[in-house]
Every structure is written in structure tokens, then in C-alpha cells.
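Source file: run-v4.cif. Holds: mmCIF, C-alpha atoms.
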```cif
data_coords
loop_
_atom_site.label_atom_id
_atom_site.label_comp_id
_atom_site.auth_asym_id
_atom_site.auth_seq_id
_atom_site.Cartn_x
_atom_site.Cartn_y
_atom_site.Cartn_z
CA MET A 1 -32.12 -24.35 -18.49
CA PRO A 2 -32.93 -28.02 -18.05
CA THR A 3 -31.11 -29.95 -15.37
CA ILE A 4 -30.50 -33.67 -15.23
CA ALA A 5 -31.63 -35.90 -12.39
CA MET A 6 -28.77 -36.64 -10.01
CA ASP A 7 -28.73 -38.75 -6.91
CA ALA A 8 -26.51 -38.43 -3.84
CA THR A 9 -23.82 -40.62 -5.44
CA ASP A 10 -23.66 -38.41 -8.55
CA ARG A 11 -23.31 -35.33 -6.33
CA LYS A 12 -20.57 -37.04 -4.30
CA ILE A 13 -18.69 -37.92 -7.51
CA LEU A 14 -18.97 -34.30 -8.65
CA ALA A 15 -17.74 -32.98 -5.30
CA ILE A 16 -14.73 -35.30 -5.43
CA LEU A 17 -13.87 -34.36 -9.02
CA GLN A 18 -14.28 -30.64 -8.29
CA GLU A 19 -11.68 -31.00 -5.56
CA ASP A 20 -9.26 -33.12 -7.61
CA GLY A 21 -10.01 -33.80 -11.27
CA ARG A 22 -6.82 -35.86 -11.65
CA LEU A 23 -8.06 -38.77 -9.54
CA SER A 24 -8.32 -42.07 -11.37
CA ASN A 25 -11.68 -43.71 -11.84
CA GLN A 26 -10.54 -46.38 -9.36
CA GLU A 27 -9.87 -43.72 -6.68
CA VAL A 28 -13.20 -41.99 -7.27
CA ALA A 29 -15.03 -45.34 -7.18
CA GLU A 30 -13.43 -46.23 -3.84
CA ARG A 31 -14.44 -42.88 -2.32
CA VAL A 32 -18.10 -43.30 -3.33
CA ASN A 33 -18.24 -47.03 -2.52
CA LEU A 34 -18.88 -48.20 -6.09
CA SER A 35 -17.03 -50.64 -8.28
CA PRO A 36 -15.07 -48.95 -11.10
CA SER A 37 -17.45 -49.84 -13.97
CA PRO A 38 -20.62 -48.24 -12.58
CA CYS A 39 -18.58 -45.25 -11.38
CA LEU A 40 -17.14 -44.74 -14.86
CA ARG A 41 -20.63 -45.05 -16.39
CA ARG A 42 -21.86 -42.31 -14.05
CA ILE A 43 -18.91 -40.04 -14.86
CA LYS A 44 -19.36 -40.57 -18.61
CA HIS A 45 -23.07 -39.80 -18.27
CA LEU A 46 -22.27 -36.56 -16.39
CA GLU A 47 -19.74 -35.62 -19.09
CA GLN A 48 -22.13 -36.37 -21.97
CA ALA A 49 -24.94 -34.43 -20.27
CA GLY A 50 -22.62 -31.42 -20.05
CA VAL A 51 -22.61 -31.36 -16.24
CA ILE A 52 -18.85 -31.91 -16.34
CA ARG A 53 -17.73 -29.27 -18.83
CA GLN A 54 -13.97 -29.91 -18.87
CA TYR A 55 -10.92 -30.87 -16.86
CA VAL A 56 -8.20 -28.25 -16.37
CA ALA A 57 -5.08 -27.35 -14.41
CA LEU A 58 -5.58 -24.24 -12.29
CA LEU A 59 -2.53 -22.00 -12.34
CA GLU A 60 -1.37 -19.62 -9.63
CA PRO A 61 -1.33 -16.18 -11.35
CA ASP A 62 1.49 -14.75 -9.20
CA LYS A 63 3.76 -17.71 -10.03
CA ILE A 64 3.47 -17.01 -13.76
CA GLY A 65 3.96 -13.26 -13.51
CA LEU A 66 0.32 -12.13 -13.49
CA GLY A 67 0.30 -10.27 -10.18
CA LEU A 68 -2.50 -7.78 -10.83
CA LEU A 69 -6.16 -8.77 -10.96
CA ALA A 70 -8.65 -6.19 -12.20
CA TYR A 71 -12.41 -6.17 -12.66
CA ILE A 72 -13.59 -3.81 -15.39
CA ASN A 73 -17.18 -2.70 -15.91
CA VAL A 74 -17.75 -1.75 -19.55
CA ARG A 75 -20.59 0.29 -20.97
CA LEU A 76 -21.14 0.15 -24.71
CA GLU A 77 -22.61 2.75 -27.01
CA LYS A 78 -26.38 2.70 -27.28
CA HIS A 79 -27.82 0.63 -30.06
CA SER A 80 -31.25 0.12 -31.49
CA ASP A 81 -33.39 -2.70 -30.21
CA PRO A 82 -33.47 -5.49 -32.83
CA GLN A 83 -37.11 -6.31 -31.95
CA TYR A 84 -38.15 -3.23 -33.93
CA LEU A 85 -36.38 -4.64 -36.97
CA SER A 86 -37.66 -8.19 -36.43
CA GLY A 87 -38.15 -10.30 -39.52
CA THR A 88 -36.28 -7.96 -41.82
CA LYS A 89 -32.95 -8.14 -43.59
CA ALA A 90 -31.92 -5.20 -41.42
CA ALA A 91 -32.45 -7.35 -38.30
CA ALA A 92 -29.92 -9.92 -39.48
CA GLN A 93 -27.43 -7.19 -40.38
CA HIS A 94 -28.02 -5.44 -37.06
CA GLN A 95 -27.31 -8.61 -35.09
CA ALA A 96 -24.07 -9.25 -36.99
CA MET A 97 -22.92 -5.64 -36.63
CA SER A 98 -24.32 -4.69 -33.21
CA PRO A 99 -21.92 -3.16 -30.69
CA ARG A 100 -22.65 -6.08 -28.35
CA ALA A 101 -21.76 -8.70 -30.95
CA SER A 102 -18.68 -6.78 -32.06
CA PHE A 103 -17.45 -6.34 -28.49
CA SER A 104 -18.12 -9.99 -27.60
CA ALA A 105 -16.10 -11.15 -30.61
CA ALA A 106 -13.23 -8.82 -29.72
CA VAL A 107 -13.10 -9.99 -26.09
CA GLU A 108 -12.55 -13.56 -27.28
CA GLN A 109 -9.22 -12.40 -28.77
CA TRP A 110 -7.91 -10.51 -25.71
CA GLN A 111 -5.74 -12.91 -23.71
CA GLU A 112 -5.72 -10.69 -20.61
CA VAL A 113 -9.48 -11.21 -20.24
CA VAL A 114 -10.08 -14.52 -18.48
CA ALA A 115 -13.83 -14.02 -17.92
CA CYS A 116 -16.48 -11.80 -19.46
CA TYR A 117 -20.13 -11.55 -18.45
CA ALA A 118 -23.02 -9.63 -19.99
CA MET A 119 -24.64 -7.75 -17.11
CA THR A 120 -27.86 -6.11 -16.06
CA GLY A 121 -27.83 -2.57 -14.74
CA GLU A 122 -25.83 0.49 -15.70
CA MET A 123 -22.91 -1.33 -17.33
CA ASP A 124 -23.14 -3.88 -20.15
CA PHE A 125 -20.20 -6.20 -19.40
CA LEU A 126 -17.96 -7.20 -16.51
CA LEU A 127 -14.44 -8.34 -17.37
CA ARG A 128 -12.00 -10.20 -15.12
CA VAL A 129 -8.50 -9.33 -16.27
CA HIS A 130 -5.14 -10.77 -15.19
CA VAL A 131 -2.05 -8.68 -16.06
CA GLU A 132 1.56 -8.42 -14.91
CA ASP A 133 1.40 -5.00 -13.29
CA MET A 134 -0.07 -1.50 -13.58
CA ALA A 135 1.98 -0.75 -16.72
CA HIS A 136 0.56 -3.83 -18.42
CA PHE A 137 -2.95 -2.85 -17.27
CA SER A 138 -2.48 0.66 -18.67
CA ARG A 139 -1.34 -0.73 -22.04
CA PHE A 140 -4.32 -3.09 -22.16
CA MET A 141 -6.73 -0.26 -21.37
CA MET A 142 -5.24 2.34 -23.72
CA GLU A 143 -4.20 0.14 -26.63
CA THR A 144 -6.94 -2.48 -26.61
CA LEU A 145 -10.08 -1.91 -24.57
CA LEU A 146 -10.56 1.83 -25.03
CA ARG A 147 -9.77 1.57 -28.74
CA HIS A 148 -12.75 -0.67 -29.37
CA PRO A 149 -15.30 1.51 -31.19
CA ALA A 150 -18.29 0.28 -29.14
CA VAL A 151 -16.76 1.13 -25.73
CA LEU A 152 -18.34 4.22 -24.23
CA ASP A 153 -17.23 4.04 -20.59
CA VAL A 154 -15.21 1.83 -18.24
CA LYS A 155 -14.84 1.58 -14.48
CA SER A 156 -12.00 -0.46 -13.00
CA SER A 157 -11.43 -2.03 -9.59
CA PHE A 158 -8.36 -3.90 -8.40
CA ALA A 159 -8.22 -6.91 -6.09
CA LEU A 160 -6.19 -6.10 -2.99
CA GLN A 161 -6.34 -9.55 -1.42
CA ARG A 162 -7.79 -12.93 -2.34
CA VAL A 163 -10.26 -13.89 0.38
CA LYS A 164 -11.96 -16.78 -1.41
CA ASP A 165 -11.28 -18.17 -4.86
CA THR A 166 -12.80 -21.50 -5.79
CA THR A 167 -13.98 -23.17 -8.95
CA ALA A 168 -16.13 -25.64 -7.01
CA LEU A 169 -19.86 -25.08 -7.44
CA PRO A 170 -22.30 -25.78 -4.60
CA LEU A 171 -24.05 -29.08 -5.18
CA LEU A 172 -27.67 -28.65 -4.18
CA GLN A 173 -29.59 -31.59 -2.82
CA GLY A 174 -32.24 -32.62 -5.32
#
```
Show the structure stored in the file as C-alpha cells.
Amino acid sequence: MPTIAMDATDRKILAILQEDGRLSNQEVAERVNLSPSPCLRRIKHLEQAGVIRQYVALLEPDKIGLGLLAYINVRLEKHSDPQYLSGTKAAAQHQAMSPRASFSAAVEQWQEVVACYAMTGEMDFLLRVHVEDMAHFSRFMMETLLRHPAVLDVKSSFALQRVKDTTALPLLQG
């Protein structure tokens, strides 16, 4: 994946915005010792390049009734490798109907799933799920996840305590 060239000032702007995305351009400019116009140009450039993906409000799950955090490893049914069908009409149909594609589309609709990653190793996907309690988790598992036709096996783990939880990415010196 291509990266864009960033200098120390760009990295400082990103660090500031990762800590508080609600700061005004004036406040960011003061913290990086720039006038507002060049600072805004840099921020706009970082946004247009896709370095800054979005601005959000981070909610406290417990405060909105989502007190249980689970990580679920999901293994899907085996499916044929599309490379053997390459260049055929069957390849296009396979991609549209593959268990992976079907599961990925379904996950997008499940509001309890806040993150989903395709994985290497024994399991195919890792889900991060926020629910109210164990009853809500059980309903999600039995009525949603395990009913998906591609799901072969699941393994769940529950967070006992939050030790570190940040959205800030490390900004490597370039």
C-alpha cells in the first residue's frame, strides 16, 4: 500500500488530531507553530490523501448499556479456490456466492459487530462484538451468527478488564 510523504509537522498535526479531533484549525496551528492557512492546507491534504479517514465521537460502551465485550473467532465452511476457475463464468459466480463473500456481506448488517477482520491461521474471521450482557450475547450467537449457512465453527472469548484501548496509531518517523 503506497504511503504519502509526511514531515515532522504533518506527524505532529496527526498526533494532535488523534488525541482531540474537535480542535479548531486555529488551535492545531498554534500547537504546531504554523499560521492557520498553511495548517489547514496540510490537514486538507492529509484528508484528501486518505491519511485522515474520518472524525468521530468515541462512546463509552458501559454508559450506553453495552457492558459485555466479546471476541469471536469464526471458521467458515471450506470452499473451492477461485484460481482453478479463473477466467470462466463460474469464477464470477463463485466470487459472488462464496461463503467468504456471503459472510462478509452479512456481518455488515449485524449491529453488534463493531469490527471484523479476515485472518490467517485456523479461523477465517475475528469479530469484535459489543452486547448488553450474556443473554444478549447468547441471542446474537444462536439467532444470528450460528444461523449463517457458511459458519462452521466459532470460539468466543470475553474481555474481563480493559488494560489499553486507544484509536491513536503510532506515527513512525519517516
Inset, instruction - Pick out the residues sitting within 7 Å of segment 116-125 of chain A, and hand them over as a ChimeraX atom specification; count only C-alpha atoms, and ignore anything fewer than 6 positions along from it in its own chain. - result: /A:73-76
Legend entry - Ground truth for the PyMOL selection byres ((chain A and resi 137-151) around 7), written as a ChimeraX atom specification: /A:74-77,99,103,131,133-136,152-153
Inset, instruction - Would you work out the distance separating atom CA of Leu160 of chain A from atom CA of Leu58 of chain A, expressed in Å to one decimal? - result: 20.4 Å
Legend entry - Separation of atom CA of Arg162 of chain A from atom CA of Asp62 of chain A in Å: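 It comes out at 11.7 Å.
Between Gly65 of chain A and the candidates A:Gln161, A:Ala8, A:Arg41, A:His130, the tightest atom-to-atom separation, counting all atoms listed in the file, involves A:His130.
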Legend entry - Hits of the PyMOL selection byres ((chain A and resi 56) around 12) in this structure, as a ChimeraX atom specification: /A:17-22,52-55,57-59,167
Inset, instruction - Rounded to one decimal place, report the atom CA of Glu47 of chain A-atom CA of Val114 of chain A distance in Å. - result: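 Interatomic distance, atom CA of Glu47 of chain A to atom CA of Val114 of chain A: 23.2 Å.
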